[in-house]
$ cat run02.cif   # mmCIF, C-alpha atoms and all ligand atoms
data_my_file
#
loop_
_atom_site.label_atom_id
_atom_site.label_comp_id
_atom_site.auth_asym_id
_atom_site.auth_seq_id
_atom_site.Cartn_x
_atom_site.Cartn_y
_atom_site.Cartn_z
CA MET I 1076 -28.97 35.88 14.31
CA LYS I 1077 -27.33 32.82 15.84
CA THR I 1078 -23.75 31.64 15.94
CA ILE I 1079 -23.54 27.89 15.46
CA PHE I 1080 -20.38 25.77 15.61
CA HIS I 1081 -20.11 22.46 13.82
CA LEU I 1082 -17.28 20.50 15.36
CA ASP I 1083 -16.21 17.44 13.40
CA MET I 1084 -13.53 15.07 14.63
CA ASP I 1085 -10.82 14.43 12.02
CA ALA I 1086 -10.60 10.77 10.94
CA PHE I 1087 -12.15 9.98 14.31
CA PHE I 1088 -11.82 6.17 14.45
CA VAL I 1089 -8.24 6.35 13.21
CA SER I 1090 -7.41 9.10 15.70
CA VAL I 1091 -8.73 6.96 18.57
CA GLU I 1092 -6.74 3.97 17.29
CA ARG I 1093 -3.65 6.16 17.40
CA ILE I 1094 -4.25 7.02 21.03
CA LEU I 1095 -4.54 3.29 21.77
CA ASP I 1096 -1.46 2.49 19.66
CA PRO I 1097 0.82 5.48 19.00
CA SER I 1098 2.92 3.42 16.55
CA LEU I 1099 0.11 4.00 14.01
CA GLU I 1100 1.03 7.67 13.83
CA GLY I 1101 1.94 8.89 10.34
CA LYS I 1102 0.92 5.63 8.65
CA PRO I 1103 -1.92 4.79 6.26
CA VAL I 1104 -4.47 3.28 8.66
CA ILE I 1105 -7.83 1.88 7.59
CA VAL I 1106 -10.59 0.89 10.00
CA GLY I 1107 -13.13 -1.48 8.48
CA GLY I 1108 -12.12 -5.03 9.08
CA ASP I 1109 -10.78 -7.77 6.86
CA PRO I 1110 -9.21 -6.30 3.69
CA HIS I 1111 -10.32 -9.39 1.75
CA GLY I 1112 -13.82 -9.31 3.13
CA ARG I 1113 -16.97 -7.63 1.90
CA GLY I 1114 -17.01 -4.67 4.26
CA VAL I 1115 -16.49 -1.00 3.56
CA VAL I 1116 -13.97 1.49 4.88
CA ALA I 1117 -15.38 2.95 8.09
CA ALA I 1118 -12.56 5.46 8.42
CA CYS I 1119 -9.12 6.01 6.99
CA SER I 1120 -6.21 8.23 7.90
CA TYR I 1121 -5.15 11.19 5.80
CA GLU I 1122 -2.06 9.21 4.77
CA ALA I 1123 -4.40 6.55 3.34
CA ARG I 1124 -6.49 9.17 1.56
CA LYS I 1125 -3.43 10.05 -0.50
CA TYR I 1126 -3.91 6.67 -2.19
CA GLY I 1127 -7.44 7.66 -3.14
CA LEU I 1128 -9.13 5.93 -0.22
CA HIS I 1129 -12.24 7.36 1.38
CA SER I 1130 -14.85 6.16 3.84
CA ALA I 1131 -17.68 3.96 2.53
CA MET I 1132 -15.36 2.60 -0.22
CA PRO I 1133 -15.45 -1.22 -0.52
CA ILE I 1134 -12.55 -2.49 1.54
CA LYS I 1135 -11.37 -4.70 -1.31
CA THR I 1136 -10.95 -1.64 -3.52
CA ALA I 1137 -9.10 0.10 -0.72
CA PHE I 1138 -6.73 -2.84 -0.41
CA ARG I 1139 -6.05 -2.82 -4.14
CA LEU I 1140 -5.17 0.89 -4.01
CA CYS I 1141 -3.23 0.72 -0.77
CA PRO I 1142 -1.92 -2.82 -0.12
CA ASN I 1143 0.62 -1.57 2.42
CA GLY I 1144 -2.00 0.05 4.61
CA ILE I 1145 -2.68 -1.12 8.15
CA TYR I 1146 -6.18 -2.63 8.22
CA LEU I 1147 -7.93 -2.76 11.59
CA HIS I 1148 -11.24 -4.10 12.80
CA GLY I 1149 -11.42 -1.22 15.20
CA HIS I 1150 -12.33 -0.76 18.85
CA HIS I 1151 -15.91 0.40 18.58
CA LYS I 1152 -16.55 0.60 22.30
CA GLU I 1153 -13.60 2.96 22.61
CA TYR I 1154 -15.03 5.22 19.90
CA GLY I 1155 -18.22 5.59 21.91
CA ARG I 1156 -16.24 6.25 25.04
CA TYR I 1157 -14.08 8.95 23.44
CA SER I 1158 -17.14 10.52 21.87
CA ARG I 1159 -18.65 10.89 25.34
CA VAL I 1160 -15.41 12.36 26.68
CA VAL I 1161 -15.45 15.00 23.93
CA LYS I 1162 -19.11 15.71 24.57
CA ARG I 1163 -18.50 16.17 28.28
CA LEU I 1164 -15.70 18.63 27.57
CA LEU I 1165 -17.98 20.61 25.23
CA GLU I 1166 -20.80 20.64 27.76
CA LYS I 1167 -18.55 22.33 30.25
CA VAL I 1168 -18.23 25.22 27.86
CA PHE I 1169 -21.33 25.48 25.65
CA PRO I 1170 -24.86 25.91 27.00
CA ILE I 1171 -26.34 23.73 24.23
CA VAL I 1172 -24.58 20.74 22.71
CA GLU I 1173 -26.13 18.50 20.08
CA ARG I 1174 -24.34 15.29 19.24
CA ALA I 1175 -25.22 14.80 15.58
CA SER I 1176 -23.25 11.56 15.24
CA ILE I 1177 -20.50 9.73 17.07
CA ASP I 1178 -17.92 12.25 15.84
CA GLU I 1179 -19.75 15.50 15.18
CA PHE I 1180 -21.38 18.09 17.36
CA TYR I 1181 -23.41 21.24 16.88
CA LEU I 1182 -22.75 23.88 19.51
CA ASP I 1183 -24.72 27.02 20.10
CA PHE I 1184 -22.34 29.91 20.71
CA THR I 1185 -25.06 32.57 20.53
CA GLY I 1186 -24.64 35.15 23.26
CA CYS I 1187 -21.31 33.69 24.38
CA GLU I 1188 -19.09 36.35 22.77
CA LYS I 1189 -19.07 38.49 25.89
CA ILE I 1190 -17.85 35.58 27.98
CA TYR I 1191 -15.56 33.82 25.54
CA GLY I 1192 -14.58 36.44 22.97
CA ALA I 1193 -14.72 36.19 19.18
CA PRO I 1194 -16.09 32.87 17.87
CA ASP I 1195 -13.10 32.00 15.68
CA SER I 1196 -10.48 32.58 18.36
CA PHE I 1197 -12.62 30.66 20.83
CA ALA I 1198 -12.90 27.81 18.32
CA GLU I 1199 -9.10 27.71 18.26
CA ARG I 1200 -9.02 27.40 22.04
CA ILE I 1201 -11.53 24.53 22.02
CA GLN I 1202 -9.71 22.74 19.22
CA LYS I 1203 -6.46 23.09 21.14
CA GLU I 1204 -8.03 21.88 24.38
CA ILE I 1205 -9.50 18.76 22.75
CA TRP I 1206 -6.13 18.06 21.18
CA GLU I 1207 -4.10 18.67 24.32
CA THR I 1208 -6.35 17.07 26.92
CA ILE I 1209 -7.85 14.17 24.93
CA GLY I 1210 -5.38 13.79 22.06
CA LEU I 1211 -7.95 14.03 19.27
CA PRO I 1212 -7.83 16.39 16.26
CA CYS I 1213 -10.96 18.14 15.02
CA SER I 1214 -12.14 20.80 12.60
CA ILE I 1215 -14.67 23.51 13.34
CA GLY I 1216 -17.01 25.46 11.11
CA ILE I 1217 -18.81 28.55 12.37
CA ALA I 1218 -21.84 30.12 10.72
CA SER I 1219 -25.33 31.44 11.36
CA ASN I 1220 -26.97 28.07 10.71
CA LYS I 1221 -26.24 24.35 10.93
CA THR I 1222 -25.96 23.62 7.22
CA VAL I 1223 -23.38 26.31 6.50
CA ALA I 1224 -21.49 25.48 9.71
CA LYS I 1225 -21.27 21.83 8.65
CA ILE I 1226 -19.99 22.71 5.19
CA ALA I 1227 -17.50 25.11 6.80
CA SER I 1228 -16.11 22.46 9.17
CA ASP I 1229 -15.26 20.35 6.12
CA PHE I 1230 -13.62 23.27 4.32
CA LYS I 1231 -10.10 23.08 5.77
CA LYS I 1232 -9.74 19.58 7.16
CA PRO I 1233 -7.84 18.37 9.14
CA LYS I 1234 -7.45 20.72 12.12
CA GLY I 1235 -9.16 23.54 10.26
CA ILE I 1236 -11.25 26.43 11.51
CA THR I 1237 -13.54 28.21 9.09
CA PHE I 1238 -15.61 31.17 10.16
CA VAL I 1239 -18.38 32.37 7.85
CA PRO I 1240 -19.50 35.77 9.12
CA HIS I 1241 -23.21 36.61 9.18
CA GLY I 1242 -24.33 37.74 5.75
CA LYS I 1243 -21.45 36.00 3.93
CA GLU I 1244 -23.07 32.56 3.74
CA LYS I 1245 -23.98 32.68 0.06
CA GLU I 1246 -20.61 34.11 -0.91
CA PHE I 1247 -18.79 31.36 0.97
CA LEU I 1248 -20.81 28.57 -0.63
CA ALA I 1249 -20.85 29.92 -4.20
CA PRO I 1250 -17.53 28.50 -5.51
CA LEU I 1251 -17.86 25.09 -3.78
CA LYS I 1252 -18.65 21.94 -5.72
CA ILE I 1253 -22.28 20.83 -5.36
CA GLU I 1254 -21.25 17.57 -3.69
CA LYS I 1255 -20.10 19.63 -0.69
CA ILE I 1256 -23.74 20.17 0.24
CA PRO I 1257 -24.58 17.52 2.85
CA GLY I 1258 -27.14 14.98 1.76
CA ILE I 1259 -26.58 15.07 -2.00
CA GLY I 1260 -26.72 11.43 -3.03
CA LYS I 1261 -25.18 9.81 -6.08
CA ALA I 1262 -28.40 9.90 -8.15
CA THR I 1263 -29.11 13.57 -7.42
CA PHE I 1264 -25.50 14.44 -8.07
CA ASN I 1265 -25.56 12.72 -11.45
CA LEU I 1266 -28.83 14.35 -12.44
CA LEU I 1267 -27.61 17.81 -11.46
CA HIS I 1268 -24.28 17.28 -13.15
CA SER I 1269 -25.96 16.24 -16.39
CA ARG I 1270 -27.89 19.52 -16.29
CA GLY I 1271 -24.70 21.51 -15.93
CA PHE I 1272 -24.78 22.19 -12.19
CA ILE I 1273 -21.16 22.14 -11.05
CA THR I 1274 -20.85 24.67 -8.25
CA VAL I 1275 -23.22 25.67 -5.46
CA ASN I 1276 -23.52 29.01 -7.22
CA ASP I 1277 -25.08 27.24 -10.23
CA ILE I 1278 -27.88 26.04 -7.95
CA ALA I 1279 -28.26 29.33 -6.12
CA ASN I 1280 -28.63 31.21 -9.40
CA VAL I 1281 -31.58 29.32 -10.86
CA SER I 1282 -35.11 29.88 -9.60
CA GLN I 1283 -36.42 27.91 -6.67
CA ASP I 1284 -39.25 26.67 -8.93
CA TYR I 1285 -36.79 25.17 -11.40
CA LEU I 1286 -35.24 22.97 -8.72
CA SER I 1287 -38.60 22.15 -7.23
CA ILE I 1288 -39.83 20.87 -10.61
CA LEU I 1289 -36.59 18.93 -11.11
CA LEU I 1290 -36.31 17.37 -7.66
CA GLY I 1291 -39.56 17.99 -5.79
CA LYS I 1292 -39.45 19.09 -2.18
CA TYR I 1293 -35.80 18.09 -1.99
CA GLY I 1294 -35.08 20.58 -4.76
CA THR I 1295 -36.61 23.38 -2.69
CA ASP I 1296 -34.48 22.40 0.31
CA LEU I 1297 -31.39 22.23 -1.85
CA TRP I 1298 -32.04 25.66 -3.31
CA LYS I 1299 -32.39 27.11 0.19
CA LYS I 1300 -29.15 25.47 1.30
CA ALA I 1301 -27.33 26.76 -1.77
CA ASN I 1302 -28.52 30.24 -0.86
CA GLY I 1303 -27.03 29.96 2.60
CA HIS I 1304 -30.20 29.18 4.53
CA GLY I 1305 -30.58 26.45 7.11
CA THR I 1306 -31.95 25.68 10.52
CA ASP I 1307 -30.30 27.08 13.61
CA LEU I 1308 -32.18 24.93 16.11
CA LEU I 1309 -30.19 22.36 18.01
CA SER I 1310 -31.82 19.23 19.33
CA VAL I 1311 -30.54 18.45 22.75
CA GLU I 1312 -30.46 14.90 24.01
CA HIS I 1313 -32.41 14.49 27.20
CA GLU I 1314 -29.63 13.41 29.39
CA ARG I 1315 -27.74 14.96 32.23
CA LYS I 1316 -25.66 17.89 31.26
CA SER I 1317 -23.66 20.25 33.35
CA ILE I 1318 -21.84 23.54 33.37
CA SER I 1319 -18.50 23.97 35.12
CA LYS I 1320 -16.45 27.05 35.77
CA GLU I 1321 -13.21 27.12 37.68
CA THR I 1322 -10.30 29.38 38.42
CA THR I 1323 -6.76 28.38 39.28
CA PHE I 1324 -4.93 31.05 41.21
CA GLY I 1325 -1.48 32.23 40.25
CA LYS I 1326 -0.56 32.15 43.92
CA ASP I 1327 -2.39 30.42 46.75
CA ILE I 1328 -5.18 32.45 48.31
CA VAL I 1329 -6.13 32.42 51.98
CA SER I 1330 -8.53 35.36 52.04
CA LYS I 1331 -12.15 34.17 52.34
CA THR I 1332 -13.41 37.44 50.93
CA LYS I 1333 -11.21 37.13 47.88
CA ILE I 1334 -12.31 33.54 47.23
CA GLU I 1335 -15.95 34.43 47.68
CA SER I 1336 -15.68 37.22 45.17
CA VAL I 1337 -14.20 34.72 42.71
CA ILE I 1338 -17.10 32.35 43.44
CA PHE I 1339 -19.39 35.26 42.68
CA GLU I 1340 -17.78 35.75 39.26
CA LEU I 1341 -17.85 32.03 38.46
CA VAL I 1342 -21.51 31.76 39.46
CA GLY I 1343 -22.30 34.77 37.30
CA GLU I 1344 -20.68 33.19 34.25
CA ALA I 1345 -22.23 29.78 34.86
CA CYS I 1346 -25.72 31.20 35.35
CA GLN I 1347 -25.32 33.32 32.25
CA LEU I 1348 -24.66 30.13 30.28
CA LEU I 1349 -27.71 28.55 31.91
CA ARG I 1350 -29.92 31.42 30.84
CA ASN I 1351 -28.45 31.57 27.35
CA GLY I 1352 -29.38 27.91 27.00
CA MET I 1353 -32.84 28.40 28.58
CA LEU I 1354 -31.75 25.96 31.26
CA GLN I 1355 -32.13 25.66 35.01
CA THR I 1356 -30.02 23.79 37.50
CA SER I 1357 -31.01 21.83 40.55
CA THR I 1358 -27.61 20.72 41.82
CA VAL I 1359 -24.89 23.15 42.79
CA SER I 1360 -21.41 21.81 43.55
CA ILE I 1361 -18.16 23.44 44.48
CA LYS I 1362 -14.65 22.14 44.04
CA LEU I 1363 -11.85 23.26 46.27
CA ARG I 1364 -8.18 22.48 45.83
CA TYR I 1365 -5.79 23.34 48.61
CA ALA I 1366 -2.19 24.41 48.07
CA ASP I 1367 -1.09 20.85 48.91
CA PHE I 1368 -3.31 19.59 46.04
CA SER I 1369 -5.83 17.84 48.26
CA THR I 1370 -9.15 18.37 46.51
CA LEU I 1371 -12.68 18.20 47.77
CA THR I 1372 -16.11 18.69 46.27
CA ARG I 1373 -19.39 19.52 48.00
CA ALA I 1374 -22.83 19.47 46.41
CA LYS I 1375 -26.32 20.52 47.31
CA THR I 1376 -29.63 19.84 45.61
CA ILE I 1377 -31.96 22.78 45.36
CA LYS I 1378 -35.20 23.82 43.69
CA GLN I 1379 -34.65 24.42 39.94
CA THR I 1380 -33.24 27.84 39.31
CA ASP I 1381 -31.22 30.02 36.96
CA ASP I 1382 -30.86 32.79 39.53
CA ASP I 1383 -27.32 34.03 40.32
CA LYS I 1384 -28.25 35.06 43.85
CA VAL I 1385 -29.75 31.67 44.77
CA VAL I 1386 -26.84 29.73 43.29
CA TYR I 1387 -24.29 32.08 44.83
CA ASP I 1388 -25.79 31.71 48.32
CA VAL I 1389 -25.70 27.92 48.06
CA ALA I 1390 -22.15 27.90 46.67
CA VAL I 1391 -20.83 30.22 49.37
CA ASP I 1392 -22.52 28.21 52.07
CA LEU I 1393 -20.89 25.04 50.71
CA PHE I 1394 -17.56 26.83 50.51
CA ARG I 1395 -17.69 28.15 54.09
CA LYS I 1396 -18.46 24.67 55.42
CA ALA I 1397 -15.74 23.08 53.30
CA PHE I 1398 -12.97 25.61 53.89
CA THR I 1399 -11.85 24.36 57.26
CA ARG I 1400 -8.08 24.16 56.96
CA GLY I 1401 -5.71 27.06 57.40
CA VAL I 1402 -4.10 26.23 54.07
CA GLY I 1403 -4.17 28.43 50.98
CA ILE I 1404 -6.51 27.69 48.09
CA ARG I 1405 -5.13 26.90 44.68
CA LEU I 1406 -8.30 26.30 42.72
CA ILE I 1407 -11.96 27.01 43.19
CA GLY I 1408 -14.65 25.67 40.89
CA ILE I 1409 -18.40 25.76 40.54
CA HIS I 1410 -20.41 23.02 38.89
CA LEU I 1411 -24.09 23.16 37.97
CA SER I 1412 -25.74 19.87 37.12
CA LYS I 1413 -29.16 18.18 36.85
CA LEU I 1414 -29.96 20.72 34.20
CA SER I 1415 -33.43 20.95 32.75
CA GLN I 1416 -34.93 22.93 29.96
CA PHE I 1417 -36.60 26.03 31.27
CA ALA I 1418 -40.30 25.85 30.42
CA GLU I 1419 -41.94 29.12 31.29
CA GLN I 1420 -45.52 27.97 30.92
CA GLU I 1421 -45.05 25.18 33.43
CA ILE I 1422 -44.06 27.41 36.27
CA LEU I 1423 -46.52 29.45 38.24
CA PHE I 1424 -44.79 32.49 39.50
CA GLU I 1425 -45.48 34.50 42.56
CA ASP I 1426 -45.57 38.17 41.63
CA GLU I 1427 -42.21 38.67 43.27
CA GLU I 1428 -40.75 35.85 41.23
CA ILE I 1429 -42.02 37.36 38.00
CA ALA I 1430 -40.33 40.60 38.92
CA ARG I 1431 -37.10 38.75 39.64
CA LYS I 1432 -37.28 36.85 36.33
CA LYS I 1433 -37.72 40.09 34.47
CA MET I 1434 -34.81 41.60 36.33
CA LEU I 1435 -32.59 38.59 35.55
CA SER I 1436 -33.48 38.69 31.91
CA ALA I 1437 -32.63 42.40 31.88
CA VAL I 1438 -29.30 41.59 33.54
CA THR I 1439 -28.59 38.98 30.86
CA LYS I 1440 -29.28 41.53 28.17
CA ILE I 1441 -27.03 44.13 29.76
CA ARG I 1442 -24.27 41.58 30.20
CA ASP I 1443 -24.64 40.48 26.60
CA LYS I 1444 -24.22 44.05 25.57
CA TYR I 1445 -21.54 45.32 27.91
CA GLY I 1446 -19.83 42.26 29.33
CA PHE I 1447 -19.68 40.59 32.68
CA GLU I 1448 -18.02 43.32 34.65
CA SER I 1449 -20.87 45.68 33.90
CA ILE I 1450 -23.35 44.46 36.47
CA HIS I 1451 -23.30 42.62 39.76
CA ILE I 1452 -26.47 41.58 41.45
CA GLY I 1453 -27.39 40.63 44.97
CA LYS I 1454 -24.04 41.40 46.50
CA THR I 1455 -23.35 44.23 48.86
CA GLU I 1456 -20.02 45.78 49.67
CA ASN I 1457 -19.87 44.05 53.06
CA ASP I 1458 -20.04 40.52 51.64
MG MG X 1 -15.47 13.35 11.24
#
$ encode --input "run02.cif" --output "structure tokens"
Amino acid sequence: MKTIFHLDMDAFFVSVERILDPSLEGKPVIVGGDPHGRGVVAACSYEARKYGLHSAMPIKTAFRLCPNGIYLHGHHKEYGRYSRVVKRLLEKVFPIVERASIDEFYLDFTGCEKIYGAPDSFAERIQKEIWETIGLPCSIGIASNKTVAKIASDFKKPKGITFVPHGKEKEFLAPLKIEKIPGIGKATFNLLHSRGFITVNDIANVSQDYLSILLGKYGTDLWKKANGHGTDLLSVEHERKSISKETTFGKDIVSKTKIESVIFELVGEACQLLRNGMLQTSTVSIKLRYADFSTLTRAKTIKQTDDDKVVYDVAVDLFRKAFTRGVGIRLIGIHLSKLSQFAEQEILFEDEEIARKKMLSAVTKIRDKYGFESIHIGKTEND
């Protein structure tokens, strides 16, 4: 069973406009161009929604309903830029990130509980971080598949978090209006409405055949969705992704041994995320911040790996070469980049490597079960 997050930015275009011009805060703001033109509303603030406005509404209608609104053409380049900033933040945390549109992301949290804790409290942390570091509000839905997660993210907007526990999908969907199911168009909605389908439960309770006869293959899909089923596979864009882990110390640290044991922990967490995402890295970087805030990074390219021991050795080597001043360390970070999907069939293992793979996968399983502290590999007491 998977744990999928759907993270949806709240009134994304408007929220970006408010970063660019804070005087728009609290006002009915509509992005979509000339209010007398023929365009549609691309986005509107929650203050504007109180007047009955919604996205995709003809802008003329919007203007009639809300003549005092602030109508903007919008800064579309900025939206793309902020979307990438959000994505980069998410990629630091989640092993697999799918950008479904400019303002929504699917995130695979499966296997992350032992590192990050319960999904709903972690969602709160992420929501808070995006708000505090970027200034953008979002809502998050959590469920065992993408469809239910998406419906859940819309459930308590704005700034909502909705967690649908495994097995409760159908129960959660049952009372919702049928138009809450993504992809129901006007024509389908009207047809279903005329047949007395009002809530998702109404769909879930008829036979699959009934809907299939009524709506063809789409009817079958709809019936499955109404019953809480959906895909849990994320499609990852083939572009550079990375995983970062860092620790800021409460007081500055001078002990090499202490820092290296922290590097060991960080590498363990980062490699765990790699393996959860079936990924390998080929660039290992470290970041070092001295007590006086001077910061340096060092990187090394290596053969693709997801092996803690290999990554740890490289990271420690980089650290030893970089740590040249007699000044305390304030922050240490590890960064894995040039990630690639791990394709087992493409790699010819030496026997020894097969053994090591098996061992690493066993370690992952143990860690999933008992947490990070439970097992340390490749490190002796003298290190
Ligand atoms: Mg949105």
$ closest_residue --input "run02.cif" --among "I:Asp1296, I:Glu1246, I:Asp1083, I:Asp1284" --to "I:Leu1182" --atoms "all atoms listed in the file"
I:Asp1083
$ residues_near_ligand --input "run02.cif" --ligand "ligand MG 1 (chain X)" --cutoff "8 Å" --atoms "all atoms listed in the file" --output "PyMOL selection string"
chain I and resi 1083-1087+1178-1179+1213
$ atom_distance --input "run02.cif" --atom1 "atom CA of I:Asp1183" --atom2 "atom CA of I:Tyr1157"
21.2 Å
$ residues_around --input "run02.cif" --residues "I:Thr1208" --least-positions-apart "5" --cutoff "12 Å" --atoms "only C-alpha atoms" --output "PyMOL selection string"
chain I and resi 1094+1157+1160-1161+1164+1200-1203
$ closest_residue --input "run02.cif" --among "I:Trp1298, I:Tyr1126, I:Tyr1365, I:Phe1394" --to "I:Asp1277" --atoms "only C-alpha atoms"
I:Trp1298
$ residues_around --input "run02.cif" --residues "I:Gly1112" --least-positions-apart "2" --cutoff "8 Å" --atoms "only C-alpha atoms" --output "PyMOL selection string"
chain I and resi 1108-1110+1114+1134-1135
$ write_last_selection --input "run02.cif" --atoms "C-alpha atoms" --output "mmCIF file, keeping the file's coordinate frame"
data_model
loop_
_atom_site.group_PDB
_atom_site.id
_atom_site.type_symbol
_atom_site.label_atom_id
_atom_site.label_comp_id
_atom_site.auth_asym_id
_atom_site.auth_seq_id
_atom_site.Cartn_x
_atom_site.Cartn_y
_atom_site.Cartn_z
ATOM 1 C CA GLY I 1108 -12.120 -5.030 9.080
ATOM 2 C CA ASP I 1109 -10.780 -7.770 6.860
ATOM 3 C CA PRO I 1110 -9.210 -6.300 3.690
ATOM 4 C CA GLY I 1114 -17.010 -4.670 4.260
ATOM 5 C CA ILE I 1134 -12.550 -2.490 1.540
ATOM 6 C CA LYS I 1135 -11.370 -4.700 -1.310
#
$ atom_distance --input "run02.cif" --atom1 "atom CA of I:Gly1408" --atom2 "atom CA of I:Thr1323"
8.5 Å
$ residues_near_point --input "run02.cif" --point "(1.1, -6.4, 6.5)" --cutoff "12 Å" --atoms "only C-alpha atoms" --output "number ranges by chain"
I: 1103-1104, 1109-1110, 1138, 1141-1147
$ residues_around --input "run02.cif" --residues "I:Val1386" --least-positions-apart "3" --cutoff "7 Å" --atoms "only C-alpha atoms" --output "PyMOL selection string"
chain I and resi 1342+1359+1382-1383+1389-1390
$ residues_near_point --input "run02.cif" --point "(-10.8, 33.5, 8.1)" --cutoff "12 Å" --atoms "only C-alpha atoms" --output "ChimeraX atom specification"
/I:1194-1196,1198-1199,1215-1218,1227,1230-1231,1235-1240,1243,1247
